[in-house]
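Chemist: Below you will find the structure I want to go over with you.
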Amino acid sequence: TYAKATKATLVMVLETALRLLHPFMPFITAAIWQRLAPLIGSDNSDILAAAFPINDKTIENQDIADKVNFAKEIILAVRNI
């Protein structure tokens, strides 16, 4: 169902964001991670033990990336005006 897929995507994004932000905001991300780890089924109760995220090429969508780049170009052009 859409609800399960949405929740799974939200958790994945939050988990990845926490791992990316940890070097810059260690205390906040560690506190959030301790509450999130049991929900995602992670054995790592400490964010330091979690692997740094890597780019997964299999989930990239070139069409969406092109649309985002086009929108960025429009925003840049409007700002330059």
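In the structure tokens, each chain is lettered A, B, ... as it comes, each chain's residues begin at 1, and ligands are numbered from 1 in order of appearance.
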Env of stretch 49-60 of chain A: 9 Å cut, atoms = only C-alpha atoms, seq-sep filter 5 positions within chain, self excluded. Answer as a VMD selection string.

Modeler: chain A and resid 16 to 17 19 to 20 42 44 65

Chemist: Write out as a list in words each polymer residue whose atoms come within 12 Å of A:Arg35, counting only C-alpha atoms; drop sequence neighbours fewer than 3 positions from it.

Modeler: Val11, Leu14, Glu15, Leu18, Ile28, Thr29, Ala30, Ala31, Ile32, Pro38, Leu39, Ile40, Gly41, Ser42, Asn44, Ser45, Asp46 and Ile47 of chain A

Chemist: Could you write those residues out with C-alpha atoms, as a PDB file, in the first residue's frame?

Modeler:
ATOM      1  CA  VAL A  11      12.503   6.248   7.403  1.00  0.00           C
ATOM      2  CA  LEU A  14      15.712  10.184   7.780  1.00  0.00           C
ATOM      3  CA  GLU A  15      18.248   7.430   8.412  1.00  0.00           C
ATOM      4  CA  LEU A  18      21.206  11.401  10.075  1.00  0.00           C
ATOM      5  CA  ILE A  28      21.603  15.786  17.921  1.00  0.00           C
ATOM      6  CA  THR A  29      21.964  12.996  15.366  1.00  0.00           C
ATOM      7  CA  ALA A  30      23.073  10.511  18.046  1.00  0.00           C
ATOM      8  CA  ALA A  31      20.018  11.288  20.169  1.00  0.00           C
ATOM      9  CA  ILE A  32      17.649  10.854  17.222  1.00  0.00           C
ATOM     10  CA  PRO A  38      14.973  -0.005  16.952  1.00  0.00           C
ATOM     11  CA  LEU A  39      12.336   1.130  14.452  1.00  0.00           C
ATOM     12  CA  ILE A  40      14.530   0.336  11.451  1.00  0.00           C
ATOM     13  CA  GLY A  41      15.757  -2.934  12.901  1.00  0.00           C
ATOM     14  CA  SER A  42      19.347  -1.758  13.123  1.00  0.00           C
ATOM     15  CA  ASN A  44      23.830  -0.467  15.633  1.00  0.00           C
ATOM     16  CA  SER A  45      22.541   1.359  18.706  1.00  0.00           C
ATOM     17  CA  ASP A  46      25.235   3.988  18.110  1.00  0.00           C
ATOM     18  CA  ILE A  47      25.347   6.039  14.912  1.00  0.00           C
TER      19      ILE A  47
END

Chemist: Just the number, please: distance in Å from atom CA of A:Ala8 to atom CA of A:Ala37, one decimal.

Modeler: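 These atoms are spaced 13.6 Å apart.
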
Chemist: Considering only C-alpha atoms, state which residue in the set A:Leu48, A:Val13, A:Ile74, A:Ala5 is at the smallest distance from A:Pro26.

Modeler: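 Among A:Leu48, A:Val13, A:Ile74, A:Ala5, it is A:Leu48 that comes nearest to A:Pro26.
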
Chemist: May I ask for the distance between atom CA of A:Leu21 and atom CA of A:Trp33, given in Å to one decimal place?

Modeler: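 Calculated distance between atom CA of A:Leu21 and atom CA of A:Trp33 is 11.3 Å.
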
Chemist: Hey, can you check how far atom CA of A:Gln62 sits from atom CA of A:Thr1?

Modeler: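 So the answer is 25.4 Å.
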